[in-house]
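> Got a file for you: start09.csv, CSV, C-alpha atoms and all ligand atoms.
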```
chain,number,residue,atom,x,y,z
Z,119,LYS,CA,0.0,0.0,0.0
Z,120,LYS,CA,1.1,3.5,-0.7
Z,121,TYR,CA,0.2,6.8,1.1
Z,122,ASN,CA,-0.4,10.4,0.3
Z,123,VAL,CA,2.1,12.4,2.2
Z,124,ALA,CA,2.2,16.2,2.8
Z,125,VAL,CA,5.3,18.1,3.9
Z,126,VAL,CA,4.4,21.4,5.5
Z,127,GLY,CA,7.4,23.7,5.6
Z,128,ALA,CA,9.0,22.0,2.7
Z,129,THR,CA,11.5,24.6,1.9
Z,130,GLY,CA,13.1,24.8,5.3
Z,131,LEU,CA,16.2,22.9,6.6
Z,132,VAL,CA,14.1,20.2,8.3
Z,133,GLY,CA,11.5,20.2,5.4
Z,134,GLN,CA,14.3,19.5,2.9
Z,135,THR,CA,15.7,16.8,5.1
Z,136,PHE,CA,12.2,15.2,5.4
Z,137,LEU,CA,12.4,14.8,1.6
Z,138,LYS,CA,15.9,13.3,1.7
Z,139,VAL,CA,15.0,10.9,4.5
Z,140,LEU,CA,11.7,9.8,2.9
Z,141,LYS,CA,13.6,9.0,-0.3
Z,142,GLU,CA,16.5,7.2,1.5
Z,143,ARG,CA,14.1,5.0,3.5
Z,144,ASN,CA,12.0,4.3,0.5
Z,145,PHE,CA,8.8,5.6,2.2
Z,146,PRO,CA,5.8,4.2,0.3
Z,147,ILE,CA,4.5,7.5,-1.2
Z,148,ASP,CA,1.7,7.6,-3.6
Z,149,ASN,CA,1.2,11.4,-3.9
Z,150,LEU,CA,3.4,14.0,-2.4
Z,151,TYR,CA,2.2,17.5,-1.5
Z,152,LEU,CA,4.7,20.1,-0.6
Z,153,TYR,CA,3.4,23.1,1.4
Z,154,ALA,CA,5.1,26.3,2.4
Z,155,SER,CA,4.3,30.0,3.0
Z,156,ALA,CA,3.1,32.3,0.3
Z,157,ARG,CA,6.8,33.5,-0.1
Z,158,SER,CA,7.8,30.1,-1.5
Z,159,ALA,CA,4.5,29.2,-3.3
Z,160,GLY,CA,5.1,28.3,-6.9
Z,161,LYS,CA,8.7,27.4,-6.4
Z,162,LYS,CA,9.8,24.1,-7.8
Z,163,VAL,CA,11.3,21.4,-5.6
Z,164,GLU,CA,12.7,18.1,-6.9
Z,165,PHE,CA,11.9,14.7,-5.3
Z,166,ASP,CA,12.9,11.4,-6.6
Z,167,GLY,CA,13.6,12.8,-10.1
Z,168,LYS,CA,10.2,14.6,-10.3
Z,169,GLU,CA,9.5,18.3,-10.0
Z,170,TYR,CA,6.9,19.4,-7.5
Z,171,GLU,CA,5.4,22.9,-7.2
Z,172,ILE,CA,5.2,24.3,-3.7
Z,173,ILE,CA,1.6,24.8,-2.6
Z,174,GLU,CA,0.8,27.9,-0.6
Z,175,LEU,CA,-0.4,26.9,2.9
Z,176,ASN,CA,-3.8,28.4,3.4
Z,177,ASP,CA,-7.3,27.2,4.4
Z,178,ASP,CA,-8.4,26.7,0.8
Z,179,ASN,CA,-5.5,24.5,-0.2
Z,180,ILE,CA,-5.7,21.8,2.5
Z,181,ARG,CA,-6.4,18.6,0.6
Z,182,ASP,CA,-8.7,15.9,1.9
Z,183,ASP,CA,-6.7,12.9,0.6
Z,184,ILE,CA,-3.6,13.3,2.8
Z,185,HIS,CA,-2.8,10.3,5.0
Z,186,ILE,CA,0.3,11.6,6.7
Z,187,ALA,CA,1.4,15.3,7.1
Z,188,LEU,CA,4.9,16.0,8.3
Z,189,PHE,CA,5.0,19.5,9.7
Z,190,SER,CA,8.1,21.7,10.3
Z,191,ALA,CA,7.0,25.3,9.8
Z,192,GLY,CA,7.2,26.8,13.3
Z,193,GLY,CA,4.9,26.5,16.3
Z,194,GLY,CA,2.4,29.1,15.1
Z,195,THR,CA,1.8,27.3,11.9
Z,196,SER,CA,1.4,24.0,13.7
Z,197,LYS,CA,-1.0,25.4,16.2
Z,198,GLU,CA,-3.2,26.8,13.4
Z,199,TYR,CA,-2.9,24.3,10.7
Z,200,GLY,CA,-2.2,21.0,12.6
Z,201,PRO,CA,-5.9,20.6,13.7
Z,202,LYS,CA,-7.1,21.7,10.2
Z,203,PHE,CA,-5.1,18.9,8.5
Z,204,ALA,CA,-6.2,16.5,11.2
Z,205,ALA,CA,-9.9,17.5,10.6
Z,206,LYS,CA,-9.4,16.3,7.0
Z,207,ASN,CA,-8.3,12.9,8.3
Z,208,ALA,CA,-4.5,13.3,8.0
Z,209,VAL,CA,-2.3,12.2,10.8
Z,210,VAL,CA,0.0,15.1,11.6
Z,211,VAL,CA,3.5,14.4,12.8
Z,212,ASP,CA,4.6,17.8,14.1
Z,213,ASN,CA,8.2,18.8,14.6
Z,214,SER,CA,7.4,22.1,16.5
Z,215,SER,CA,7.0,22.6,20.2
Z,216,ALA,CA,3.3,23.6,19.8
Z,217,TRP,CA,1.7,20.3,20.8
Z,218,ARG,CA,4.4,18.4,22.7
Z,219,MET,CA,3.1,18.8,26.2
Z,220,ASP,CA,-0.6,18.5,25.3
Z,221,LYS,CA,-1.9,15.5,27.2
Z,222,ASN,CA,-4.0,14.4,24.2
Z,223,VAL,CA,-0.9,14.4,21.9
Z,224,PRO,CA,1.6,11.5,22.0
Z,225,LEU,CA,5.2,12.6,22.1
Z,226,ILE,CA,7.3,9.8,20.5
Z,227,VAL,CA,10.8,8.5,20.1
Z,228,PRO,CA,10.3,5.2,18.4
Z,229,GLU,CA,13.2,3.5,20.3
Z,230,ALA,CA,11.3,4.3,23.6
Z,231,ASN,CA,7.5,4.6,23.2
Z,232,PRO,CA,6.3,3.6,19.7
Z,233,GLU,CA,3.1,2.1,21.2
Z,234,ALA,CA,2.0,5.7,22.1
Z,235,ALA,CA,1.2,6.2,18.4
Z,236,ALA,CA,-2.1,4.3,18.9
Z,237,ASP,CA,-3.4,7.0,21.2
Z,238,HIS,CA,-3.3,9.9,18.8
Z,239,SER,CA,-6.3,12.1,18.0
Z,240,GLY,CA,-4.9,13.4,14.7
Z,241,ILE,CA,-1.6,14.9,15.9
Z,242,ILE,CA,1.6,13.3,17.1
Z,243,ALA,CA,4.5,15.4,18.3
Z,244,ASN,CA,8.1,15.0,17.5
Z,245,PRO,CA,10.3,15.9,20.5
Z,246,ASN,CA,12.9,18.6,20.7
Z,247,CYS,CA,16.2,17.6,19.0
Z,248,SER,CA,18.4,17.6,22.1
Z,249,THR,CA,15.8,15.4,23.9
Z,250,ILE,CA,15.3,12.9,21.1
Z,251,GLN,CA,19.0,11.9,21.0
Z,252,VAL,CA,19.3,11.1,24.6
Z,253,ILE,CA,16.1,9.0,24.9
Z,254,PRO,CA,17.3,5.8,23.3
Z,255,VAL,CA,20.2,5.5,25.7
Z,256,LEU,CA,18.1,6.5,28.7
Z,257,LYS,CA,15.5,4.0,27.8
Z,258,VAL,CA,18.1,1.2,28.0
Z,259,LEU,CA,19.2,2.4,31.4
Z,260,ASP,CA,15.7,2.8,32.7
Z,261,GLU,CA,14.8,-0.7,31.7
Z,262,LEU,CA,17.9,-2.3,33.2
Z,263,TYR,CA,18.4,-0.3,36.4
Z,264,GLY,CA,15.8,2.4,36.8
Z,265,LEU,CA,16.5,6.2,36.5
Z,266,LYS,CA,16.8,8.3,39.6
Z,267,ARG,CA,18.2,11.6,38.4
Z,268,VAL,CA,19.5,13.0,35.1
Z,269,ILE,CA,21.6,16.1,34.5
Z,270,TYR,CA,22.0,17.3,30.9
Z,271,SER,CA,24.6,19.8,29.6
Z,272,THR,CA,24.2,20.4,25.9
Z,273,TYR,CA,26.5,21.5,23.1
Z,274,GLN,CA,24.1,22.4,20.4
Z,275,ALA,CA,25.0,23.1,16.7
Z,276,VAL,CA,23.9,26.2,14.9
Z,277,ALA,CA,21.8,24.1,12.5
Z,278,GLY,CA,19.3,23.8,15.4
Z,279,SER,CA,18.4,27.4,14.6
Z,280,GLY,CA,17.7,26.5,11.0
Z,281,GLN,CA,19.4,28.0,8.0
Z,282,LYS,CA,19.7,31.4,9.8
Z,283,GLY,CA,21.9,29.8,12.5
Z,284,ILE,CA,24.3,28.4,9.8
Z,285,ASP,CA,24.2,31.8,8.1
Z,286,ASP,CA,25.2,33.6,11.3
Z,287,LEU,CA,28.1,31.3,11.9
Z,288,GLU,CA,29.4,31.8,8.4
Z,289,ALA,CA,28.8,35.6,8.6
Z,290,ASN,CA,30.8,35.7,11.9
Z,291,LEU,CA,33.6,33.8,10.2
Z,292,ARG,CA,33.7,36.6,7.6
Z,293,GLY,CA,33.9,39.2,10.5
Z,294,GLU,CA,30.3,40.2,10.4
Z,295,ASP,CA,27.9,40.3,13.3
Z,296,SER,CA,25.1,37.8,14.0
Z,297,LYS,CA,21.6,38.6,12.7
Z,298,GLY,CA,19.7,36.0,14.7
Z,299,TYR,CA,21.8,35.3,17.8
Z,300,PRO,CA,22.2,38.0,20.4
Z,301,HIS,CA,26.0,37.6,20.2
Z,302,LYS,CA,28.7,36.3,17.8
Z,303,ILE,CA,28.7,32.5,17.8
Z,304,ALA,CA,32.0,31.9,16.0
Z,305,PHE,CA,34.8,31.3,18.5
Z,306,ASN,CA,32.2,31.7,21.2
Z,307,LEU,CA,29.6,29.8,23.3
Z,308,ILE,CA,26.1,31.2,24.0
Z,309,PRO,CA,24.4,29.7,27.1
Z,310,HIS,CA,21.0,30.8,25.8
Z,311,ILE,CA,18.8,28.7,23.5
Z,312,ASP,CA,15.2,29.8,23.0
Z,313,THR,CA,13.8,32.4,25.4
Z,314,PHE,CA,14.4,32.9,29.1
Z,315,LEU,CA,11.7,32.1,31.6
Z,316,ASP,CA,11.1,33.9,35.0
Z,317,ASN,CA,12.9,31.0,36.8
Z,318,GLY,CA,16.2,31.7,35.0
Z,319,TYR,CA,16.0,28.7,32.8
Z,320,THR,CA,15.6,28.8,29.0
Z,321,LYS,CA,12.6,27.2,27.3
Z,322,GLU,CA,15.0,24.8,25.7
Z,323,GLU,CA,16.1,23.6,29.1
Z,324,ILE,CA,12.6,23.2,30.4
Z,325,LYS,CA,11.7,21.3,27.2
Z,326,MET,CA,14.4,18.8,27.9
Z,327,VAL,CA,13.1,18.3,31.5
Z,328,GLU,CA,9.4,18.0,30.6
Z,329,GLU,CA,9.8,16.0,27.4
Z,330,THR,CA,12.1,13.4,29.0
Z,331,ARG,CA,9.5,12.7,31.7
Z,332,LYS,CA,6.7,12.5,29.2
Z,333,ILE,CA,8.4,10.2,26.7
Z,334,LEU,CA,9.8,7.8,29.3
Z,335,GLY,CA,6.5,7.9,31.3
Z,336,LEU,CA,8.3,9.0,34.4
Z,337,PRO,CA,6.5,12.1,35.6
Z,338,ASP,CA,8.5,12.4,38.8
Z,339,LEU,CA,11.9,11.8,37.4
Z,340,LYS,CA,14.5,14.4,38.7
Z,341,VAL,CA,15.9,16.1,35.6
Z,342,THR,CA,17.8,19.3,35.1
Z,343,ALA,CA,19.5,20.9,32.0
Z,344,THR,CA,21.9,23.6,30.9
Z,345,CYS,CA,21.7,24.2,27.1
Z,346,VAL,CA,24.5,25.9,25.2
Z,347,ARG,CA,24.9,26.9,21.6
Z,348,VAL,CA,28.3,26.1,20.2
Z,349,PRO,CA,30.0,27.1,16.9
Z,350,VAL,CA,29.4,23.7,15.4
Z,351,ARG,CA,27.6,23.5,12.1
Z,352,MET,CA,25.6,20.3,12.4
Z,353,GLY,CA,25.2,17.8,15.3
Z,354,HIS,CA,24.2,18.3,18.9
Z,355,ALA,CA,26.3,16.8,21.8
Z,356,VAL,CA,24.9,16.1,25.2
Z,357,SER,CA,26.9,15.3,28.4
Z,358,VAL,CA,24.5,13.1,30.4
Z,359,ASN,CA,25.1,12.5,34.1
Z,360,VAL,CA,22.8,9.8,35.4
Z,361,GLU,CA,22.0,8.4,38.8
Z,362,LEU,CA,20.5,4.9,38.6
Z,363,GLU,CA,18.3,3.2,41.1
Z,364,LYS,CA,20.3,-0.1,41.0
Z,365,PRO,CA,24.0,-0.9,40.9
Z,366,PHE,CA,25.2,-1.5,37.4
Z,367,ASP,CA,28.0,-3.1,35.5
Z,368,LEU,CA,29.8,-0.9,33.0
Z,369,LYS,CA,30.4,-3.7,30.5
Z,370,GLU,CA,26.7,-4.7,30.7
Z,371,VAL,CA,25.7,-1.0,30.1
Z,372,THR,CA,28.0,-0.8,27.0
Z,373,GLU,CA,26.7,-4.1,25.6
Z,374,ALA,CA,23.1,-3.1,26.1
Z,375,PHE,CA,23.7,0.2,24.3
Z,376,ALA,CA,25.4,-1.7,21.4
Z,377,LYS,CA,22.4,-4.0,21.1
Z,378,LYS,CA,19.9,-1.2,21.1
Z,379,GLU,CA,18.5,-0.4,17.7
Z,380,GLY,CA,19.4,3.1,16.5
Z,381,VAL,CA,22.3,3.4,19.0
Z,382,ILE,CA,26.0,3.1,18.0
Z,383,VAL,CA,28.7,2.8,20.7
Z,384,LYS,CA,31.9,4.7,20.0
Z,385,ASP,CA,34.0,4.2,23.1
Z,386,ASP,CA,37.6,3.3,22.7
Z,387,VAL,CA,39.5,6.1,24.3
Z,388,LYS,CA,42.9,4.5,24.0
Z,389,ASN,CA,42.5,5.0,20.2
Z,390,ASN,CA,40.8,8.4,20.5
Z,391,VAL,CA,37.4,7.0,19.6
Z,392,TYR,CA,34.4,8.9,21.0
Z,393,PRO,CA,31.3,10.5,19.3
Z,394,MET,CA,31.8,13.8,17.6
Z,395,PRO,CA,29.5,16.0,15.6
Z,396,LEU,CA,31.6,16.0,12.5
Z,397,GLU,CA,31.2,12.2,12.3
Z,398,ALA,CA,27.5,12.1,13.4
Z,399,ALA,CA,26.4,14.6,10.8
Z,400,GLY,CA,24.5,12.9,8.0
Z,401,LYS,CA,23.8,9.8,10.0
Z,402,ASP,CA,20.5,8.6,11.4
Z,403,GLU,CA,21.8,6.9,14.6
Z,404,VAL,CA,22.6,8.2,18.0
Z,405,PHE,CA,26.2,7.8,19.0
Z,406,VAL,CA,27.3,7.2,22.7
Z,407,GLY,CA,30.7,7.1,24.2
Z,408,ARG,CA,32.9,8.3,27.2
Z,409,ILE,CA,30.9,5.7,29.2
Z,410,ARG,CA,32.3,5.9,32.7
Z,411,ARG,CA,31.4,5.7,36.4
Z,412,ASP,CA,30.6,8.8,38.3
Z,413,ASP,CA,32.0,8.0,41.8
Z,414,SER,CA,30.6,11.2,43.4
Z,415,VAL,CA,27.2,9.5,43.8
Z,416,GLU,CA,25.9,6.0,44.3
Z,417,ASN,CA,25.2,4.3,41.0
Z,418,GLY,CA,26.4,7.3,39.0
Z,419,LEU,CA,27.2,7.1,35.3
Z,420,ASN,CA,28.5,9.7,32.8
Z,421,LEU,CA,27.8,9.5,29.1
Z,422,TRP,CA,28.5,11.6,26.0
Z,423,VAL,CA,25.8,11.4,23.3
Z,424,VAL,CA,26.0,12.9,19.8
Z,425,ALA,CA,23.5,12.9,16.9
Z,426,ASP,CA,22.7,14.8,13.7
Z,427,ASN,CA,20.1,17.2,15.1
Z,428,ILE,CA,18.3,17.7,11.8
Z,429,ARG,CA,18.1,14.0,11.0
Z,430,LYS,CA,17.6,11.9,14.2
Z,431,GLY,CA,16.8,15.2,16.1
Z,432,ALA,CA,14.0,16.1,13.7
Z,433,ALA,CA,13.4,14.6,10.2
Z,434,THR,CA,14.4,11.0,10.7
Z,435,ASN,CA,12.5,10.7,14.0
Z,436,ALA,CA,9.4,12.1,12.4
Z,437,VAL,CA,9.6,9.7,9.5
Z,438,GLN,CA,10.2,6.8,11.9
Z,439,ILE,CA,7.0,7.8,13.6
Z,440,ALA,CA,5.2,7.8,10.3
Z,441,GLU,CA,6.6,4.3,9.6
Z,442,GLU,CA,5.2,3.2,13.0
Z,443,LEU,CA,1.8,4.4,11.9
Z,444,ILE,CA,2.0,2.2,8.8
Z,445,LYS,CA,3.4,-0.8,10.7
Z,446,ARG,CA,0.7,-0.6,13.3
Z,447,GLU,CA,-2.0,0.0,10.7
Z,448,ILE,CA,-3.0,3.3,12.4
Z,449,VAL,CA,-3.1,5.2,9.2
C,501,LIG,C1,17.8,24.2,18.7
C,501,LIG,N1,16.4,22.7,19.9
C,501,LIG,O1,18.8,23.5,18.7
C,501,LIG,C2,16.5,23.7,18.9
C,501,LIG,C3,15.9,23.3,17.6
C,501,LIG,N2,14.6,22.8,17.7
C,501,LIG,O2,17.8,25.4,18.7
```
For the structure just supplied, provide its representation as structure tokens.


Amino acid sequence: KKYNVAVVGATGLVGQTFLKVLKERNFPIDNLYLYASARSAGKKVEFDGKEYEIIELNDDNIRDDIHIALFSAGGGTSKEYGPKFAAKNAVVVDNSSAWRMDKNVPLIVPEANPEAAADHSGIIANPNCSTIQVIPVLKVLDELYGLKRVIYSTYQAVAGSGQKGIDDLEANLRGEDSKGYPHKIAFNLIPHIDTFLDNGYTKEEIKMVEETRKILGLPDLKVTATCVRVPVRMGHAVSVNVELEKPFDLKEVTEAFAKKEGVIVKDDVKNNVYPMPLEAAGKDEVFVGRIRRDDSVENGLNLWVVADNIRKGAATNAVQIAEELIKREIV
């Protein structure tokens, strides 16, 4: 069986990567509809050797034969148009933060909670990129030993801000100021992703806390985060400090990670092998290394997790959710 697929936000960095990933994974597409704002309407985009004209996203153009709609056009667009596509019987897989914490919307990383797809009411949310990449390894640890506390420190690439983040890094390297970031990002670190809240945290940090709890089904898990933008083009890295409920064996942890689908262990420090953004870029897996005990607490573990934030952190995870819908005959 083949499906009618819409991509909303088709000209953006994630939108373009949706197309690449759909093609690479041989997604069973019957008809493809590419939507974007009026600015891009009429533009031609190539997919699988065919040209497609961008359809302007407006109320009149929402087709009623769409099975799956992949959204990545910003929170405002998702809030407004997600329900409109769902009302026409599409299942929306939304990459924005608009619906993630809505209790009627499943928030899914297929390596952790694919079964949640069955509970959708038209919209399924794709988690935040920095959250997605840590979930497969945390799921392994939770199943084996139980999670007690998690501390995240992130090192997030400029691609997380879309093309404008990449443009700022490149402009800075030419000596120009940033247009989007509040400071230069080249040769710098900016401990500020998304907006600040009254409690001193950024929204990005709170997303990591809340989304981790929701995906893992652990509403009381102790989690905290510090999120930092780094002058890396593509690929987020997260230092993950974990306290486990039960004692663990390091070799058993490493073997369990290696066995987990979607996770690749890169941990051979004698030969300088550890995950790095340059190597993770362009890949769909999550890379874990620097696996070591934290002796400052009972059952403490330190990890270094790297992934391509536009692929596993956005497009690939969303397409995997769409594949689950098909596998589970939900669509
Ligand atoms: C970032 N988490 O890296 C965001 C993208 N969704 O800025």

> Where does chain Z meet ligand LIG 501 (chain C) within 10 Å, residue by residue, with the nearest atom pair and distance in Å to one decimal for each, counting all atoms listed in the file, listed by chain and rising number, as a Markdown table?


```
| residue | atom | partner | partner_atom | distance |
| --- | --- | --- | --- | --- |
| Z:Val132 | CA | C:LIG501 | N2 | 9.8 |
| Z:Ser190 | CA | C:LIG501 | N2 | 9.9 |
| Z:Gly192 | CA | C:LIG501 | N2 | 9.5 |
| Z:Asn213 | CA | C:LIG501 | N2 | 8.2 |
| Z:Ser214 | CA | C:LIG501 | N2 | 7.3 |
| Z:Ser215 | CA | C:LIG501 | N2 | 8.0 |
| Z:Pro245 | CA | C:LIG501 | N2 | 8.6 |
| Z:Asn246 | CA | C:LIG501 | N2 | 5.4 |
| Z:Cys247 | CA | C:LIG501 | N1 | 5.2 |
| Z:Ser248 | CA | C:LIG501 | N1 | 5.9 |
| Z:Thr249 | CA | C:LIG501 | N1 | 8.3 |
| Z:Ile250 | CA | C:LIG501 | N1 | 9.9 |
| Z:Thr272 | CA | C:LIG501 | O1 | 9.5 |
| Z:Tyr273 | CA | C:LIG501 | O1 | 9.1 |
| Z:Gln274 | CA | C:LIG501 | O1 | 5.7 |
| Z:Ala275 | CA | C:LIG501 | O1 | 6.5 |
| Z:Val276 | CA | C:LIG501 | O1 | 6.9 |
| Z:Ala277 | CA | C:LIG501 | O1 | 6.9 |
| Z:Gly278 | CA | C:LIG501 | O1 | 3.4 |
| Z:Ser279 | CA | C:LIG501 | O2 | 4.6 |
| Z:Gly280 | CA | C:LIG501 | C3 | 7.6 |
| Z:Gly283 | CA | C:LIG501 | O2 | 8.6 |
| Z:His310 | CA | C:LIG501 | O2 | 9.5 |
| Z:Ile311 | CA | C:LIG501 | O2 | 5.9 |
| Z:Asp312 | CA | C:LIG501 | O2 | 6.7 |
| Z:Lys321 | CA | C:LIG501 | N1 | 9.5 |
| Z:Glu322 | CA | C:LIG501 | N1 | 6.3 |
| Z:Glu323 | CA | C:LIG501 | N1 | 9.2 |
| Z:Lys325 | CA | C:LIG501 | N1 | 8.8 |
| Z:Met326 | CA | C:LIG501 | N1 | 9.1 |
| Z:Cys345 | CA | C:LIG501 | O1 | 8.9 |
| Z:Val346 | CA | C:LIG501 | O1 | 9.0 |
| Z:Arg347 | CA | C:LIG501 | O1 | 7.6 |
| Z:Val348 | CA | C:LIG501 | O1 | 10.0 |
| Z:Met352 | CA | C:LIG501 | O1 | 9.8 |
| Z:Gly353 | CA | C:LIG501 | O1 | 9.2 |
| Z:His354 | CA | C:LIG501 | O1 | 7.5 |
| Z:Asn427 | CA | C:LIG501 | O1 | 7.4 |
| Z:Ile428 | CA | C:LIG501 | C3 | 8.4 |
| Z:Gly431 | CA | C:LIG501 | N2 | 8.1 |
| Z:Ala432 | CA | C:LIG501 | N2 | 7.8 |
```

> Using only C-alpha atoms for the distances, tell me which of Z:Pro349, Z:Gly293, Z:Pro393, Z:Gly264 is nearest to Asn417 (chain Z).

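Looking at the shortest contact to Asn417 (chain Z), the residue is Z:Gly264.
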
> Could you list, as a list of chain:residue names, every residue within 7 Å of region 135-144 of chain Z, counting only C-alpha atoms and ignoring same-chain residues fewer than 4 positions away?

Z:Leu131, Z:Phe165, Z:Asp166, Z:Arg429, Z:Ala433, Z:Thr434, Z:Val437

> Name all residues at most 6 Å from Gly418 (chain Z) (count all atoms listed in the file; drop same-chain ones fewer than 5 positions away) and give them as a VMD selection string.

chain Z and resid 360 to 361 411 to 412

> Show me a table, sorted first by chain and then by increasing residue number, of the residues of region 272-387 of chain Z having an atom at most 7 Å from region 404-409 of chain Z, each with its shortest atom pair and the distance in Å to one decimal, counting all atoms listed in the file and written as CSV.


```
residue,atom,partner,partner_atom,distance
Z:Gly380,CA,Z:Val404,CA,6.2
Z:Val381,CA,Z:Val404,CA,4.9
Z:Ile382,CA,Z:Phe405,CA,4.8
Z:Val383,CA,Z:Val406,CA,5.0
Z:Lys384,CA,Z:Gly407,CA,5.0
Z:Asp385,CA,Z:Gly407,CA,4.5
```

> Pick out the residues sitting within 12 Å of Met219 (chain Z), and hand them over as a ChimeraX atom specification; count all atoms listed in the file, and ignore anything fewer than 3 positions along from it in its own chain.

/Z:214-216,222-226,241-246,324-333

> For CA of Tyr319 (chain Z) and CA of Lys340 (chain Z), quote the distance in Å rounded to one decimal.

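If I compute the distance from CA of Tyr319 (chain Z) to CA of Lys340 (chain Z), I get 15.5 Å.
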
> Set the distance at 8 Å and use only C-alpha atoms: which residues neighbour Pro395 (chain Z) once local chain neighbours fewer than 3 positions away are removed? I'd like the list as a CSV table (one decimal) with C-alpha atoms, keeping the file's coordinate frame.


```
chain,number,residue,atom,x,y,z
Z,350,VAL,CA,29.4,23.7,15.4
Z,352,MET,CA,25.6,20.3,12.4
Z,353,GLY,CA,25.2,17.8,15.3
Z,354,HIS,CA,24.2,18.3,18.9
Z,355,ALA,CA,26.3,16.8,21.8
Z,398,ALA,CA,27.5,12.1,13.4
Z,399,ALA,CA,26.4,14.6,10.8
Z,424,VAL,CA,26.0,12.9,19.8
Z,425,ALA,CA,23.5,12.9,16.9
Z,426,ASP,CA,22.7,14.8,13.7
```

> Of the candidates Z:Lys202, Z:Val341, Z:Val358, Z:Pro254, which shows the shortest atom-to-atom distance to Pro232 (chain Z), using all atoms listed in the file?

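Residue with the minimum atom-to-atom distance to Pro232 (chain Z): Z:Pro254.
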
> Considering only C-alpha atoms, can you say which of Z:Ala124, Z:Leu443, Z:Val209, Z:Ala191 comes closest to Asn179 (chain Z)?

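The closest residue to Asn179 (chain Z) is Z:Ala124.
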
> Could you please determine the separation between CA of Leu265 (chain Z) and CA of Lys401 (chain Z) in Å, to one decimal place?

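Between CA of Leu265 (chain Z) and CA of Lys401 (chain Z) the gap works out to 27.7 Å.
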
> Name the closest residue to Gln134 (chain Z) among the candidates Z:Lys257, Z:Gln281, Z:Tyr392, Z:Leu262; distances are taken between atoms, counting only C-alpha atoms.

Z:Gln281

> Please return region 201-213 of chain Z, rebuilt to N, CA and C atoms, as a JSON list (two decimals), in the frame of the given file.


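Output (part.json):
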```
[["chain", "number", "residue", "atom", "x", "y", "z"],
["Z", 201, "PRO", "N", -4.51, 21.12, 13.51],
["Z", 201, "PRO", "CA", -5.90, 20.60, 13.70],
["Z", 201, "PRO", "C", -6.68, 20.66, 12.35],
["Z", 202, "LYS", "N", -6.37, 21.61, 11.47],
["Z", 202, "LYS", "CA", -7.10, 21.70, 10.20],
["Z", 202, "LYS", "C", -6.76, 20.50, 9.29],
["Z", 203, "PHE", "N", -5.50, 20.10, 9.28],
["Z", 203, "PHE", "CA", -5.10, 18.90, 8.50],
["Z", 203, "PHE", "C", -5.72, 17.67, 9.16],
["Z", 204, "ALA", "N", -5.67, 17.62, 10.49],
["Z", 204, "ALA", "CA", -6.20, 16.50, 11.20],
["Z", 204, "ALA", "C", -7.72, 16.33, 10.96],
["Z", 205, "ALA", "N", -8.41, 17.48, 10.88],
["Z", 205, "ALA", "CA", -9.90, 17.50, 10.60],
["Z", 205, "ALA", "C", -10.18, 16.88, 9.26],
["Z", 206, "LYS", "N", -9.19, 16.92, 8.37],
["Z", 206, "LYS", "CA", -9.40, 16.30, 7.00],
["Z", 206, "LYS", "C", -8.81, 14.91, 6.98],
["Z", 207, "ASN", "N", -8.67, 14.33, 8.18],
["Z", 207, "ASN", "CA", -8.30, 12.90, 8.30],
["Z", 207, "ASN", "C", -6.81, 12.59, 8.09],
["Z", 208, "ALA", "N", -5.96, 13.61, 8.01],
["Z", 208, "ALA", "CA", -4.50, 13.30, 8.00],
["Z", 208, "ALA", "C", -4.05, 13.07, 9.40],
["Z", 209, "VAL", "N", -3.01, 12.23, 9.53],
["Z", 209, "VAL", "CA", -2.30, 12.20, 10.80],
["Z", 209, "VAL", "C", -1.13, 13.11, 10.70],
["Z", 210, "VAL", "N", -1.09, 14.09, 11.60],
["Z", 210, "VAL", "CA", 0.00, 15.10, 11.60],
["Z", 210, "VAL", "C", 1.11, 14.64, 12.47],
["Z", 211, "VAL", "N", 2.33, 14.62, 11.94],
["Z", 211, "VAL", "CA", 3.50, 14.40, 12.80],
["Z", 211, "VAL", "C", 4.22, 15.75, 12.83],
["Z", 212, "ASP", "N", 4.18, 16.39, 14.01],
["Z", 212, "ASP", "CA", 4.60, 17.80, 14.10],
["Z", 212, "ASP", "C", 5.91, 17.97, 14.79],
["Z", 213, "ASN", "N", 6.81, 18.66, 14.10],
["Z", 213, "ASN", "CA", 8.20, 18.80, 14.60],
["Z", 213, "ASN", "C", 8.28, 20.08, 15.53]]
```
